[in-house]
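Novice: Got a structure for you, coords_38.txt, holding compact mmCIF, C-alpha atoms.
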```txt
# COMPACT_ATOMS: atom_id res chain seq x y z
CA MET A 1 73.56 14.52 367.80
CA THR A 2 73.89 17.82 365.95
CA ARG A 3 71.07 20.28 366.67
CA ASN A 4 70.09 22.93 364.13
CA LEU A 5 67.81 25.91 364.66
CA LEU A 6 66.14 27.04 361.42
CA LEU A 7 64.54 30.47 361.03
CA VAL A 8 62.15 30.82 358.09
CA GLY A 9 59.28 33.15 357.30
CA GLY A 10 58.44 36.38 355.59
CA PRO A 11 56.23 37.64 352.75
CA PRO A 12 54.43 35.13 350.50
CA SER A 13 56.97 35.57 347.69
CA HIS A 14 58.65 32.38 348.95
CA ASP A 15 57.22 28.99 349.94
CA PHE A 16 58.73 29.04 353.41
CA ASP A 17 56.72 26.04 354.65
CA GLY A 18 57.97 23.93 351.75
CA ILE A 19 61.49 25.29 352.09
CA ALA A 20 61.56 24.45 355.80
CA GLU A 21 60.35 20.91 355.13
CA ALA A 22 62.98 20.43 352.41
CA LEU A 23 65.84 21.75 354.55
CA VAL A 24 64.82 19.63 357.54
CA ALA A 25 64.96 16.57 355.26
CA VAL A 26 68.34 17.47 353.74
CA PHE A 27 69.96 18.04 357.10
CA ALA A 28 68.41 14.87 358.54
CA GLU A 29 70.29 12.90 355.88
CA VAL A 30 73.51 13.71 357.75
CA GLY A 31 72.11 13.22 361.24
CA ILE A 32 71.16 16.82 361.99
CA VAL A 33 67.95 17.40 363.95
CA THR A 34 66.25 20.72 363.15
CA THR A 35 63.89 22.91 365.16
CA VAL A 36 61.93 25.34 362.95
CA VAL A 37 60.84 28.81 364.06
CA THR A 38 59.12 31.54 362.05
CA HIS A 39 59.88 34.71 364.01
CA PRO A 40 63.28 36.23 364.89
CA ASP A 41 62.29 36.67 368.53
CA GLU A 42 61.72 32.91 368.79
CA MET A 43 65.15 32.37 367.28
CA LEU A 44 66.84 34.72 369.76
CA ALA A 45 65.10 33.10 372.72
CA LEU A 46 66.30 29.66 371.63
CA LEU A 47 69.87 30.90 371.18
CA ASP A 48 70.03 32.18 374.77
CA PRO A 49 72.70 29.92 376.37
CA HIS A 50 71.25 30.49 379.85
CA THR A 51 67.67 29.38 379.21
CA ALA A 52 67.50 27.31 376.02
CA PRO A 53 68.80 23.90 374.88
CA ALA A 54 72.17 24.14 373.16
CA HIS A 55 72.23 24.29 369.37
CA ASP A 56 75.24 23.55 367.18
CA LEU A 57 73.92 25.30 364.07
CA LEU A 58 71.73 28.23 363.13
CA THR A 59 70.26 28.33 359.63
CA VAL A 60 68.49 31.48 358.41
CA HIS A 61 66.36 31.27 355.26
CA ALA A 62 63.95 34.14 355.80
CA LEU A 63 62.90 37.66 354.83
CA HIS A 64 62.56 39.74 357.99
CA TRP A 65 63.29 43.45 357.61
CA GLU A 66 61.63 46.76 358.51
CA MET A 67 59.81 47.19 355.18
CA GLU A 68 59.91 50.97 355.38
CA ALA A 69 59.41 51.43 351.63
CA GLU A 70 55.85 52.35 350.68
CA LYS A 71 55.53 49.39 348.30
CA TYR A 72 55.77 47.07 351.31
CA ALA A 73 53.25 48.98 353.45
CA HIS A 74 50.59 46.29 352.98
CA LEU A 75 53.00 43.66 354.35
CA ARG A 76 54.56 45.69 357.15
CA ASP A 77 52.17 44.84 359.97
CA ASP A 78 52.49 41.09 359.41
CA HIS A 79 56.10 40.79 358.31
CA GLY A 80 58.09 43.92 359.21
CA TYR A 81 60.83 43.40 361.78
CA SER A 82 63.68 45.49 363.19
CA MET A 83 66.74 43.76 364.63
CA ASP A 84 68.50 45.83 367.28
CA ALA A 85 72.16 45.59 368.26
CA ALA A 86 71.41 43.50 371.35
CA GLY A 87 69.53 40.92 369.30
CA ALA A 88 72.26 40.74 366.68
CA ALA A 89 74.84 40.34 369.46
CA VAL A 90 73.09 37.12 370.53
CA ILE A 91 73.75 35.69 367.07
CA GLY A 92 77.26 37.11 366.98
CA ASP A 93 78.09 35.55 370.35
CA PHE A 94 76.64 32.22 369.24
CA VAL A 95 79.05 32.12 366.30
CA ALA A 96 82.04 33.59 368.13
CA ASN A 97 81.67 30.91 370.81
CA GLY A 98 81.78 28.05 368.32
CA GLY A 99 78.31 27.86 366.71
CA GLY A 100 77.84 27.32 363.00
CA LEU A 101 75.73 29.64 360.84
CA ILE A 102 74.25 28.97 357.40
CA ALA A 103 72.85 32.20 355.92
CA MET A 104 70.71 31.29 352.91
CA HIS A 105 69.21 33.31 350.08
CA GLY A 106 67.09 36.07 351.68
CA ALA A 107 69.27 36.07 354.79
CA VAL A 108 71.33 38.84 353.20
CA VAL A 109 68.14 40.92 352.99
CA CYS A 110 67.23 40.28 356.63
CA PHE A 111 67.62 42.76 359.46
CA ASP A 112 68.35 45.83 357.27
CA ALA A 113 72.11 45.22 357.19
CA GLU A 114 72.39 45.55 360.99
CA PRO A 115 76.21 45.76 361.36
CA THR A 116 76.82 42.54 363.32
CA TRP A 117 74.51 40.54 361.07
CA ARG A 118 75.97 42.04 357.92
CA SER A 119 79.49 41.20 359.14
CA LEU A 120 78.48 37.60 359.80
CA CYS A 121 76.93 37.18 356.35
CA GLY A 122 79.76 38.98 354.57
CA ALA A 123 77.30 40.82 352.31
CA ALA A 124 73.99 42.63 352.40
CA TRP A 125 71.25 43.61 349.99
CA ARG A 126 71.36 47.22 348.77
CA TRP A 127 67.92 48.38 347.78
CA ASP A 128 69.35 51.01 345.42
CA HIS A 129 71.74 48.65 343.68
CA SER A 130 71.20 44.91 344.23
CA GLY A 131 69.00 42.74 342.05
CA HIS A 132 68.41 39.44 340.31
CA PRO A 133 66.88 38.18 337.07
CA PRO A 134 63.47 36.47 337.22
CA VAL A 135 63.41 33.00 338.70
CA GLY A 136 64.54 30.58 336.02
CA GLU A 137 67.33 28.39 334.76
CA ALA A 138 70.64 29.74 336.04
CA GLY A 139 74.19 28.56 335.48
CA VAL A 140 76.35 27.99 338.54
CA ALA A 141 80.12 27.67 338.17
CA ILE A 142 82.61 26.15 340.59
CA THR A 143 85.43 28.64 341.13
CA ALA A 144 89.11 27.74 341.43
CA ASP A 145 88.83 28.21 345.19
CA GLY A 146 85.65 26.11 345.16
CA ARG A 147 87.48 23.19 343.58
CA ALA A 148 89.81 23.18 346.60
CA HIS A 149 87.25 23.73 349.40
CA PRO A 150 85.69 20.66 351.05
CA ILE A 151 82.15 22.03 350.64
CA THR A 152 82.40 22.16 346.84
CA ALA A 153 85.42 20.00 345.93
CA GLY A 154 84.70 17.46 343.21
CA LEU A 155 81.52 19.12 341.97
CA THR A 156 80.98 20.19 338.38
CA ASP A 157 79.28 23.31 337.05
CA PHE A 158 75.50 22.93 337.06
CA THR A 159 72.26 24.65 336.12
CA ILE A 160 69.50 25.23 338.63
CA ASP A 161 66.07 26.86 338.71
CA ASP A 162 66.72 29.77 341.05
CA GLU A 163 67.42 33.47 341.49
CA VAL A 164 70.99 34.67 341.08
CA TYR A 165 71.47 37.56 343.49
CA GLY A 166 73.96 40.16 342.38
CA PHE A 167 75.42 43.60 343.01
CA LEU A 168 75.30 43.15 346.79
CA ASP A 169 77.27 45.18 349.29
CA GLU A 170 80.02 42.57 349.66
CA ASP A 171 83.10 42.35 351.84
CA PRO A 172 86.07 42.90 349.52
CA ASP A 173 87.90 39.80 350.73
CA LEU A 174 85.16 37.22 350.14
CA VAL A 175 86.45 33.98 348.65
CA SER A 176 83.71 32.74 346.36
CA LEU A 177 83.23 28.98 345.98
CA LEU A 178 80.30 29.19 343.55
CA GLU A 179 79.41 31.99 341.17
CA GLY A 180 76.73 32.99 338.70
CA SER A 181 76.47 35.71 336.08
CA HIS A 182 74.03 38.44 335.11
CA GLY A 183 74.17 42.12 334.39
CA GLY A 184 77.47 41.75 332.57
CA ARG A 185 79.53 40.29 335.44
CA SER A 186 79.98 37.30 337.71
CA HIS A 187 78.63 37.31 341.26
CA PRO A 188 79.63 35.18 344.26
CA LEU A 189 76.89 32.73 345.27
CA LEU A 190 78.57 30.77 348.07
CA TRP A 191 81.39 31.47 350.52
CA ALA A 192 82.55 29.99 353.81
CA ARG A 193 84.57 31.59 356.61
CA ASP A 194 85.82 31.01 360.13
CA ILE A 195 84.58 33.74 362.50
CA GLY A 196 85.86 33.52 366.04
CA ALA A 197 85.52 29.90 367.14
CA GLY A 198 82.59 29.41 364.74
CA ARG A 199 82.09 28.87 361.05
CA VAL A 200 79.72 30.67 358.65
CA VAL A 201 78.50 29.60 355.21
CA THR A 202 76.60 32.12 353.09
CA ASP A 203 74.60 30.47 350.31
CA LEU A 204 72.64 32.84 348.06
CA LEU A 205 70.81 30.01 346.30
CA GLY A 206 67.59 28.45 347.57
CA HIS A 207 64.65 30.49 346.26
CA GLY A 208 62.35 27.47 346.31
CA VAL A 209 62.02 23.80 347.06
CA GLY A 210 63.24 22.85 343.59
CA SER A 211 66.57 24.56 344.28
CA ILE A 212 67.01 22.80 347.59
CA ASP A 213 66.17 19.42 346.05
CA HIS A 214 68.63 19.88 343.16
CA PRO A 215 71.26 17.10 343.57
CA ALA A 216 74.28 19.42 343.43
CA HIS A 217 72.71 21.92 345.80
CA ARG A 218 71.71 19.14 348.20
CA THR A 219 75.35 18.11 348.32
CA VAL A 220 76.40 21.69 348.98
CA LEU A 221 73.83 22.03 351.75
CA ARG A 222 74.76 18.77 353.48
CA ARG A 223 78.45 19.59 353.28
CA SER A 224 77.83 23.16 354.44
CA ALA A 225 76.05 21.91 357.54
CA LEU A 226 78.75 19.37 358.32
CA TRP A 227 81.52 21.91 357.75
CA ALA A 228 79.82 24.56 359.88
CA ALA A 229 79.31 21.96 362.63
CA ARG A 230 83.01 20.96 362.38
CA ARG A 231 82.18 17.41 361.35
CA ASP A 232 84.94 17.61 358.74
CA ASP A 233 85.69 13.90 358.65
CA GLU A 234 82.20 13.21 357.25
CA LEU A 235 82.28 15.67 354.36
CA ALA A 236 83.51 13.22 351.75
CA ASP A 237 80.52 10.94 352.34
CA ALA A 238 77.90 13.69 351.97
CA THR A 239 77.80 13.73 348.16
CA ASP A 240 74.70 13.12 346.07
CA THR A 241 75.10 10.69 343.20
CA MET A 242 76.07 12.14 339.81
CA THR A 243 77.41 15.41 341.24
CA GLU A 244 81.11 14.70 341.34
CA ALA A 245 83.48 15.56 338.53
CA PRO A 246 84.99 12.64 336.57
CA ARG A 247 88.27 11.43 338.07
```
As structure tokens, what does this structure read like?

Specialist:
Amino acid sequence: MTRNLLLVGGPPSHDFDGIAEALVAVFAEVGIVTTVVTHPDEMLALLDPHTAPAHDLLTVHALHWEMEAEKYAHLRDDHGYSMDAAGAAVIGDFVANGGGLIAMHGAVVCFDAEPTWRSLCGAAWRWDHSGHPPVGEAGVAITADGRAHPITAGLTDFTIDDEVYGFLDEDPDLVSLLEGSHGGRSHPLLWARDIGAGRVVTDLLGHGVGSIDHPAHRTVLRRSALWAARRDDELADATDTMTEAPR
């Protein structure tokens, strides 16, 4: 049995209860059992290898950051959070020792680009530069590398109701598997990397339940979880109907 720990939560700009329910269901389709937590401290406690049950995967779909800007002052007491280096090291060790990580959507906003977390994600939100169009119909393209990677192989370009994040602080060597466009350029939306003995998938899609339930994105999510958990021999069977390219 593959065990997944899912961190959700943050300001009411996202339906985190619905998102959690949808992700639990998607992962269950490939035999992954998920425990849901809503605070980073709960997540860190359950990743402690000395006191907690072992998990194979960590999925973060959340918005937990310090909220120092004045416009977030009304949310700070309930939702502000600061991740220190020791906390981030728990996540880093989990991945380095063979755990899988799926960093979704707001994960790149989380933890104020704490260096270990930012390195794991491969990108971070820059408040002076990053942005996205309003939630709405967005085109997602499979890149040349995406056509060759087992997470996205065989899929066709699709449209989805979502936010396309862009202009992030990105590692220069990211290999994008999916991309979207706004602001006059293309932006990576999905990448996957080996880090230490572990694997990390960063998926910038997933603003709401509709995105997670989209057939192509469901395929991506199931395959991402299997790939991150090193269940590679099951990837070909994790495809939703009507999402593969014609042969």

Novice: I'd like to know which of A:Ile19, A:Ala123, A:Val108, A:Leu226 is closest to Arg3 (chain A), using only C-alpha atoms.

Specialist: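 Of all the options, A:Leu226 lies closest to Arg3 (chain A).
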
Novice: For each of A:Ala73, A:Val140, A:Val26, A:Val37, take the minimum atom-to-atom distance to Val60 (chain A), counting all atoms listed in the file, then give the residue where this is smallest.

Specialist: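 Using all atoms listed in the file, Val60 (chain A) sits closest to A:Val37.
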
Novice: For a cutoff of 10 Å around the file-coordinate point (65.6, 30.6, 371.9), which residues qualify once you count all atoms listed in the file? I'd like the result as a list in words.

Specialist: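 Residues with an atom at most 10 Å from (65.6, 30.6, 371.9): Leu5, Val37, Pro40, Asp41, Glu42, Met43, Leu44, Ala45, Leu46, Leu47, Asp48, Pro49, His50, Thr51, Ala52, Pro53, Ala54 and His55 of chain A.
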
Novice: Taking all atoms of region 200-212 of chain A that appear in the file, build a box with edges along x, y and z, extend it by 8 Å on every side, and state its centre and edge lengths in Å to one decimal, as AutoDock Vina command-line options.

Specialist:
```
--center_x 70.9 --center_y 27.8 --center_z 351.1 --size_x 33.7 --size_y 26.0 --size_z 31.1
```

Novice: Env of His149 (chain A): 12 Å cut, atoms = all atoms listed in the file, seq-sep filter 4 positions within chain, self excluded. Answer as a PyMOL selection string.

Specialist: chain A and resi 142-145+153-155+175-178+190-193+220+223-224+227+232+235-236
